[in-house]
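Trainee: Encoded as structure tokens, here's the structure I'll be asking about.
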Amino acid sequence: MKPETKCWRNDAHAKVTGKAKFADDMKFANVLHAAPVYSDFVHARILSIDTSAAEKVPGVIRVLTAKDVPGENRFGQIIRDYRIFADDKIRYHGDVVALIVAETREIAIHAVLLVKVNAESMPAVLDPEAAMLSDAPLVHENHGSNIVNKHVVRRGNVDEGFRQADFIIEEKFQTQTIEHAYMETEAAVCVPRSTDGIIEIYGSMQHPFSTRRFVAACLGVTLSEVEVIGTPMGGGFGGKDDTAAVVCARVALAAKLLGRPVKMVYRRDWSMRESYKRHPYRVSYKMGVTKAGRITAVQCRIVADGGAYCSVTPWVTWRSTVQCCGPYVVENVHCDTFGVYTNNVVAGAMRGFGSPQVNFMIEQLVEMAAAKIGISGIEFRRRNMVRQGSITITGQKLDGHNVAMEQVLDTVLREMDYEKKLARCAHGKADSDELYGIGLAMSYRGVSLGAEGVDFCAALINAQPDGSILLETGMHENGQGMESAMCLICAEELGVDVNRIRYRRSSTSSIPDSGTTVASRGTIMGGGATALAARELKKKIAEAFCDKLHCTPDEVRFRDDFVYGKSDAGRIPFAQAMRQMWAMQRFPFALGTFKAPRVSWDEHTGQGDAYFTWVYACQAVELIVNKKTGKVKLLKAIASHDVGRAVNPEMVRGQIYGGMAMSAGYALHEEVKAPGGRMTTLNLNTYRIPRSLDIPEMKVIIVENPDPVSPTGAKSIGEPANEILAPAIANAIFNATGVRHFSLPIKLGALSEPTACEEGCQ
Amino acid sequence: MKLFVNRKEIEVPASSLQKRIVEFLREDLDLTGAKNACDIGACGACTILVNDEPMRICIKLVKDFAGARILTIEGLAAPDGTLHPLQQAFVDCGAIQCGYCTPGMVLTAHAFLLKNPRPTRDQIRQAIFKNLCRCTGYQQIIDAIEQAAPHYRGDGCGLQAAKKSGKPTTEKRPDI
């Protein structure tokens with residue numbers, strides 16, 4: 001464990017004084033404002049869009065529709081089905097048909113009401129199972145069916161596995177649609193640069209490079225003609241990927257066509273209505289177990305509602321597939337996973353990325369199996385969990401890193417005094433109205449993108465002649481503290497005071513495209529690149545000074561702001577060394593590239609080395625259920641995570657606390673409601689994210705097993721933190737009430753009607 | 001109409017009286033710390049102090065603030081830029097991630113500690129429950145408010161305790 005340390009963040013001062021300028025805080029002369037136009041259709045063929053009345057409003061400069069897009073109107077990271085503006089059909093209630101550009105935001109919003117969409121309504125398909133039937137209305141006719149993708153795992157022989165089982169457990173689960181609810185809505189300011197016509201983009205997004213790609217394609221210009229400039233961002237949680245890019249593309253189009261800066265800041269209801277969500281899942285599981293407490297087989301069928309566009313549904317459902325059996329060794333697995341188009345709100349990336357859904361299920365199933373056999377859930381987990389050298393359900397041998405599953409479990413059990421408290425659980429029986437329960441859940445998680453895609457990252461270190469240092473990586477500051485972590489890694493590698501380092505304001509024009517800041521890959525990929533760049537820089541410095549220091553380049557050391565030779569006697573202050581390098585005509589400049597180690601995947605068998613390394617986590621929660629009201633009060637939560645190495649421990653804790661809170665919301669409150677495909681939860685009064693009073697005191701235990709494949713030893717924390725408190729809560733509620741809940745959010749009514757006598761009558 | 005914003009007297013032009021005050025602060029005075037995150041008073045990101053009381057201002061008009069004493073996040077640090085002990089505590093405790101809720105959260109906590117400088121953690125939790133944060137799970141925000149509380153104690157006991165524990169401190173009760 002790390003000692004308590006003060007937190008270090010390069011942006012904390014600006015944020016705590018209100019000086020940090022988010023996209024909406026930025027001011028540009030001569031700026032225009034934009035607002036999106038939606039229609040009231042859920043599924044319809046567009047006949048015409050009449051913008052004439054809106055165009056006549058004084059102050060309206062232009063109304064843009066699909067016909068104004070000079071380049072590609074369709075984009076997507078996997079399938080190019082997402083429209084900048086709806087062109088042929090409206091496929092969900094959040095489809096944008098036009099953009100009003102006006103002198104003020106008020107005028108733009110007023111004019112929205114005057115756009116008339118003439119469309120022929122079509123039958124909407126809102127149920128993902130119905131959407132898979134051959135006679136279902138097609139969301140995308142040219143796709144041929146509503147099935148976006150299918151993934152499988154075929155391992156061993158499940159029939160044989162079920163024959164070996166003493167018990168078979170079958171259960172159906174479902175999870176709800178949830179919203180990221182970043183505090184800052186989507187926002188973009190696009191500025192056509194007068195000197196060279198390049199479009200500068202300041203916006204709230206976690207993927208400057210894919211934004212640039214989509215904007216360039218939309219405008220029909222090259223990548224070098226669009227520059228996305230890093231802007232403080234008010235939270236993303238996976239949600240500022242596709243929608244944020246399309247918001248930028250619309251604004252960039254307006255700026256390009258009109259030759260003026262254009263700003264669009266989403267109103268909360270636009271954000272809720274249009275932005276993609278976490279996929280709702282329907283899953284049926286069948287698990288075979290022996291009396292000895294071993295899982296012999298798992299069969300599951302996963303259906304994910306991807307909504308109207310593909311987004312990253314194939315990747316989200318791929319992670320669910322790889323992790324469908326949780327952190328357990330199962331030799332016979334048959335998993336079919338489907339991503340499905342419907343006319344519901346689009347589903348895409350959200351923190352967890354396909355794991356919160358399956359973890360909610362599998363972590364209850366193992367407890368149900370344990371109960372059937374008559375052993376504790378802990379003991380059942382111990383008999384089946386992955387250990388050093390275990391083979392996963394996709395045939396990957398877990399070695400090359402420390403498999404810390406049991407270590408994190410044991411830490412939680414000890415810190416929580418778990419097994420003692422487990423004996424106190426009410427199981428539905430209590431003298432008072434308060435039913436006590438404790439529960440836990442655990443997971444393993446593949447780090448970074450895995451076999452989803454290309455995974456590499458760049459970092460640039462440019463030391464200055466006065467000893468100050470400029471650092472930039474291809475990762476993005478989402479609010480998580482990425483820049484601070486990179487500065488700390490750079491300082492440690494170079495043996496210098498972190499205050500020497502300034503993180504450069506990032507720009508897609510100055511650093512190679514390193515992919516998006518998702519998949520909990522910031523610290524491992526960006527940090528890896530930073531460490532490698534620092535090592536390259538040290539090599540250059542060592543070569544420059546080894547003669548002076550009377551040693552070989554390999555013997556040069558860096559610490560305490562000095563460059564040392566073999567002994568402590570000869571040393572050069574870092575700043576002086578940088579000045580001298582300038583005089584020697586050697587640039588203290590280095591590029592580091594960290595490439596993810598090899599992964600593999602066979603789509604037909606669902607076998608392969610899915611991820612290059614894994615992280616391990618366990619979380620537990622104590623709670624009370626009120627028998628009369630069904631209200632759940634969380635008392636205490638604890639988390640133990642192996643993060644490889646904690647670069648900025650206070651921020652690691654922050655990720656875990658925040659992830660647990662978000663997972664508590666997933667378990668108990670949060671739900672996007674859209675009867676008939678029309679969303680009703682359009683603001684933070686009706687969409688209820690956890691408030692301070694909903695969240696208990698939390699404790700975090702950081703386990704550090706530096707990972708050999710990571711140049712810094714550090715791995716991931718953003719998403720692992722957000723994937724298991726919901727099942728821990730479900731297990732605790734079971735232990736409190738004796739009732740299992742198979743769908744999210746968990747809704748408890750009154751558990752038993754009070755009798756007349758209990759009410760005090762004679 | 002006059003307003004006192006961060007100890008400065010502001011003459012409000014008649015043309016601004018019907019504006020939402022959050023827009024007046026953000027656009028006319030360039031005090032962009034207060035954020036518009038919901039426009040309906042549901043999230044607390046626009047919270048400022050009006051005569052020492054926290055107020056969510058995204059739904060309020062300028063004309064309703066005649067003569068009011070307003071403190072925004074920009075006015076909390078000392079004129080020389082030294083952070084207020086509460087701000088320093090937010091920095092030290094890791095209470096800041098994306099930072100979008102931070103100004104409203106800090107000001108809500110400031111008003112609370114002025115009234116209750118010896119709060120329990122449950123009272124702190126109660127005090128900030130109208131301010132939404134999606135990043136932190138509130139834990140380190142509560143830590144920060146608890147850590148700053150001694151600085152608000154008029155009797156000096158708290159200050160000494162804080163000094164002993166090596167935490168940053170100021171000599172007198174901060175005023176606004």
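Labels for the structure tokens follow display order: chains A, B, ..., residues from 1 in each chain, ligands from 1.
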Residues of chain A near chain B: apply a cut-off of 6 Å, count only C-alpha atoms, and supply the list as a list in words.
Mentor: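 That gives Lys6, Cys7, Ala12, Lys15, Thr17, Gly18, Asp25, Glu184, Gly234, Gly235, Arg268, Gly479, Gln480, Glu650, Gly654, Tyr657, Gly658, Ala661, Leu684, Asn685, Arg691, Ser692 and Leu693 of chain A for chain A.
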Trainee: Could you save those same residues with N, CA and C atoms as a tab-separated table (two decimals), in the first residue's frame?
Mentor:
chain	number	residue	atom	x	y	z
A	6	LYS	N	-0.14	13.90	-0.67
A	6	LYS	CA	-0.94	14.98	-1.24
A	6	LYS	C	-1.13	14.70	-2.72
A	7	CYS	N	-2.23	15.16	-3.22
A	7	CYS	CA	-2.51	14.97	-4.63
A	7	CYS	C	-1.73	15.98	-5.44
A	12	ALA	N	-5.33	21.72	-11.09
A	12	ALA	CA	-6.21	21.90	-9.94
A	12	ALA	C	-6.38	23.38	-9.59
A	15	LYS	N	-8.80	25.05	-11.85
A	15	LYS	CA	-10.18	24.58	-11.69
A	15	LYS	C	-10.79	25.05	-10.38
A	17	THR	N	-10.17	27.81	-8.85
A	17	THR	CA	-10.34	29.26	-8.83
A	17	THR	C	-11.31	29.74	-9.91
A	18	GLY	N	-11.83	28.81	-10.70
A	18	GLY	CA	-12.77	29.19	-11.75
A	18	GLY	C	-12.10	29.71	-13.00
A	25	ASP	N	-16.83	28.56	-21.92
A	25	ASP	CA	-16.27	29.73	-21.26
A	25	ASP	C	-15.41	30.56	-22.20
A	184	GLU	N	-20.55	18.55	-17.85
A	184	GLU	CA	-20.50	19.46	-19.00
A	184	GLU	C	-21.13	18.77	-20.20
A	234	GLY	N	-15.39	18.70	-19.09
A	234	GLY	CA	-16.17	18.42	-17.88
A	234	GLY	C	-16.72	17.02	-17.82
A	235	GLY	N	-15.85	16.05	-17.97
A	235	GLY	CA	-16.26	14.66	-17.82
A	235	GLY	C	-16.66	14.03	-19.13
A	268	ARG	N	-29.00	20.62	-21.88
A	268	ARG	CA	-29.02	19.28	-21.28
A	268	ARG	C	-30.02	18.37	-21.99
A	479	GLY	N	-10.43	14.96	-17.59
A	479	GLY	CA	-10.80	15.34	-16.23
A	479	GLY	C	-10.26	14.35	-15.22
A	480	GLN	N	-9.74	13.24	-15.75
A	480	GLN	CA	-9.26	12.15	-14.88
A	480	GLN	C	-7.88	12.41	-14.29
A	650	GLU	N	-3.60	9.56	-5.02
A	650	GLU	CA	-4.85	10.23	-4.65
A	650	GLU	C	-5.83	10.26	-5.82
A	654	GLY	N	-9.47	8.59	-6.37
A	654	GLY	CA	-10.57	9.38	-6.93
A	654	GLY	C	-11.30	8.62	-8.02
A	657	TYR	N	-13.37	5.85	-6.15
A	657	TYR	CA	-14.56	6.40	-5.47
A	657	TYR	C	-15.63	6.76	-6.50
A	658	GLY	N	-15.20	7.46	-7.54
A	658	GLY	CA	-16.16	7.90	-8.55
A	658	GLY	C	-16.79	6.74	-9.29
A	661	ALA	N	-19.38	5.10	-7.06
A	661	ALA	CA	-20.61	5.91	-6.96
A	661	ALA	C	-21.46	5.72	-8.22
A	684	LEU	N	-31.44	16.51	-15.34
A	684	LEU	CA	-30.91	15.89	-14.15
A	684	LEU	C	-31.91	15.86	-12.99
A	685	ASN	N	-33.12	16.38	-13.23
A	685	ASN	CA	-34.17	16.22	-12.22
A	685	ASN	C	-34.89	14.88	-12.41
A	691	ARG	N	-26.46	11.44	-5.50
A	691	ARG	CA	-26.10	12.64	-4.75
A	691	ARG	C	-25.27	12.22	-3.56
A	692	SER	N	-24.71	13.20	-2.86
A	692	SER	CA	-23.82	12.87	-1.73
A	692	SER	C	-24.52	11.98	-0.71
A	693	LEU	N	-25.81	12.20	-0.52
A	693	LEU	CA	-26.52	11.42	0.51
A	693	LEU	C	-26.81	9.99	0.06
Trainee: Please list as a ChimeraX atom specification every residue within 12 Å of Gly515 (chain A), counting only C-alpha atoms and excluding residues in the same chain fewer than 3 positions away.
Mentor: /A:77,206-213,241,448-449,453-458,473-476,508,511-512,518-519,521-522,525-526,595
Trainee: Considering only C-alpha atoms, return as a short mmCIF file (atom, residue, chain, number, x, y, z; two decimals) with C-alpha atoms, in the first residue's frame whatever protein or nucleic-acid residues lie within 7 Å of region 633-648 of chain A, sequence-local ones (same chain, fewer than 4 positions apart) excluded.
Mentor:
data_model
loop_
_atom_site.label_atom_id
_atom_site.label_comp_id
_atom_site.auth_asym_id
_atom_site.auth_seq_id
_atom_site.Cartn_x
_atom_site.Cartn_y
_atom_site.Cartn_z
CA CYS A 7 -2.51 14.97 -4.63
CA ALA A 404 -3.85 -10.90 -8.26
CA VAL A 408 -7.62 -8.41 -3.97
CA THR A 411 -7.72 -7.77 1.08
CA VAL A 412 -11.40 -6.92 0.93
CA ALA A 485 0.04 11.38 -14.38
CA VAL A 615 -6.30 -6.07 -13.89
CA TYR A 616 -8.06 -7.57 -10.88
CA ALA A 617 -10.59 -6.04 -8.52
CA CYS A 618 -12.94 -6.80 -5.66
CA GLN A 619 -15.53 -4.50 -4.09
CA ALA A 620 -17.87 -5.03 -1.17
CA VAL A 621 -20.76 -3.08 0.29
CA GLU A 622 -22.83 -3.06 3.46
CA LEU A 623 -26.38 -1.82 3.34
CA ILE A 624 -29.75 -1.73 5.04
CA VAL A 625 -33.06 -2.36 3.32
CA VAL A 652 -6.29 6.52 -8.32
CA ILE A 695 -23.27 7.39 -1.40
CA PRO A 696 -21.70 5.81 1.68
CA GLU A 697 -18.26 6.30 3.15
CA MET A 698 -15.86 4.44 0.90
CA LYS A 699 -12.48 2.91 1.45
CA VAL A 700 -9.93 2.11 -1.22
CA ILE A 701 -7.06 -0.31 -1.08
CA ILE A 702 -4.52 0.06 -3.84
CA VAL A 703 -2.68 -3.16 -4.62
CA GLU A 704 0.51 -2.73 -6.62
CA ASN A 705 2.02 -5.49 -8.69
CA PRO A 706 4.03 -3.60 -11.31
CA ASP A 707 3.30 -5.11 -14.70
CA GLY A 713 4.49 -0.88 -14.30
CA ALA A 714 1.14 0.93 -14.18
CA LYS A 715 -2.03 -0.54 -15.69
CA SER A 716 -5.65 0.70 -15.59
CA ILE A 717 -8.24 1.99 -13.16
#
Trainee: Determine, counting only C-alpha atoms, which protein, DNA and RNA residues have an atom within 10 Å of an atom of Asp40 (chain A); residues of the same chain fewer than 2 positions away are not included. Present the result as a ChimeraX atom specification.
Mentor: /A:38,42-44,90,92-95,117,678
Trainee: Determine the nearest neighbour of Pro356 (chain A) from the options A:Lys673, A:Arg319, A:Arg267, A:Arg579, counting only C-alpha atoms.
Mentor: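 Between A:Lys673, A:Arg319, A:Arg267, A:Arg579, the residue approaching Pro356 (chain A) most closely is A:Arg319.
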Trainee: Leaving out Asp269 (chain A) and any residue of its chain fewer than 5 positions from it, which residues lie within 10 Å of it when counting only C-alpha atoms, given as a VMD selection string?
Mentor: (chain A and resid 185 274 to 275 679 to 684) or (chain B and resid 38 to 39)
Trainee: Let me see the file: selected residues, N, CA and C atoms, as a tab-separated table (two decimals), in the first residue's frame.
Mentor:
chain	number	residue	atom	x	y	z
A	185	THR	N	-22.07	19.42	-20.81
A	185	THR	CA	-22.69	18.84	-22.01
A	185	THR	C	-21.73	18.99	-23.20
A	274	GLU	N	-30.01	13.08	-27.64
A	274	GLU	CA	-29.22	12.67	-28.80
A	274	GLU	C	-28.04	11.77	-28.46
A	275	SER	N	-27.39	12.00	-27.33
A	275	SER	CA	-26.13	11.32	-27.06
A	275	SER	C	-26.35	9.84	-26.82
A	679	MET	N	-37.78	9.95	-25.46
A	679	MET	CA	-37.19	10.02	-24.12
A	679	MET	C	-37.92	11.01	-23.23
A	680	THR	N	-38.14	10.59	-22.00
A	680	THR	CA	-38.77	11.49	-21.02
A	680	THR	C	-37.79	11.93	-19.93
A	681	THR	N	-36.69	11.22	-19.80
A	681	THR	CA	-35.68	11.60	-18.80
A	681	THR	C	-34.68	12.52	-19.48
A	682	LEU	N	-35.01	13.80	-19.53
A	682	LEU	CA	-34.23	14.73	-20.36
A	682	LEU	C	-33.39	15.71	-19.56
A	683	ASN	N	-33.45	15.61	-18.25
A	683	ASN	CA	-32.59	16.50	-17.47
A	683	ASN	C	-32.25	15.82	-16.15
A	684	LEU	N	-31.44	16.51	-15.34
A	684	LEU	CA	-30.91	15.89	-14.15
A	684	LEU	C	-31.91	15.86	-12.99
B	38	CYS	N	-27.49	22.54	-16.36
B	38	CYS	CA	-28.82	21.94	-16.51
B	38	CYS	C	-29.89	22.97	-16.86
B	39	ASP	N	-29.65	24.24	-16.56
B	39	ASP	CA	-30.59	25.34	-16.84
B	39	ASP	C	-31.89	25.27	-16.05
Trainee: Residues at most 10 Å from Leu257 (chain A), counting only C-alpha atoms, excluding those fewer than 3 positions away in the same chain, as a list in words?
Mentor: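 So, after excluding close chain neighbours, the residues are Arg62, Leu64, Asp68, Val69, Pro70, Pro192, Leu219, Val251, Ala252, Leu253, Ala254 and Arg260 of chain A.
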Trainee: Which neighbours of region 534-546 of chain A fall inside 6 Å, counting only C-alpha atoms, when residues of the same chain fewer than 6 positions from it are skipped, and could you give them as number ranges by chain?
Mentor: A: 552-553, 556, 590
Trainee: Where in region 425-624 of chain A does DSSP assign helix (DSSP H, G or I), given as a PyMOL selection string?
Mentor: chain A and resi 450-452+482-494+498-500+522-545+553-555+574-583
Trainee: From the list B:Pro13, B:Pro54, B:Pro79, B:Pro85, which residue is nearest Ala144 (chain B) when using only C-alpha atoms?
Mentor: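 Between B:Pro13, B:Pro54, B:Pro79, B:Pro85, the residue approaching Ala144 (chain B) most closely is B:Pro85.
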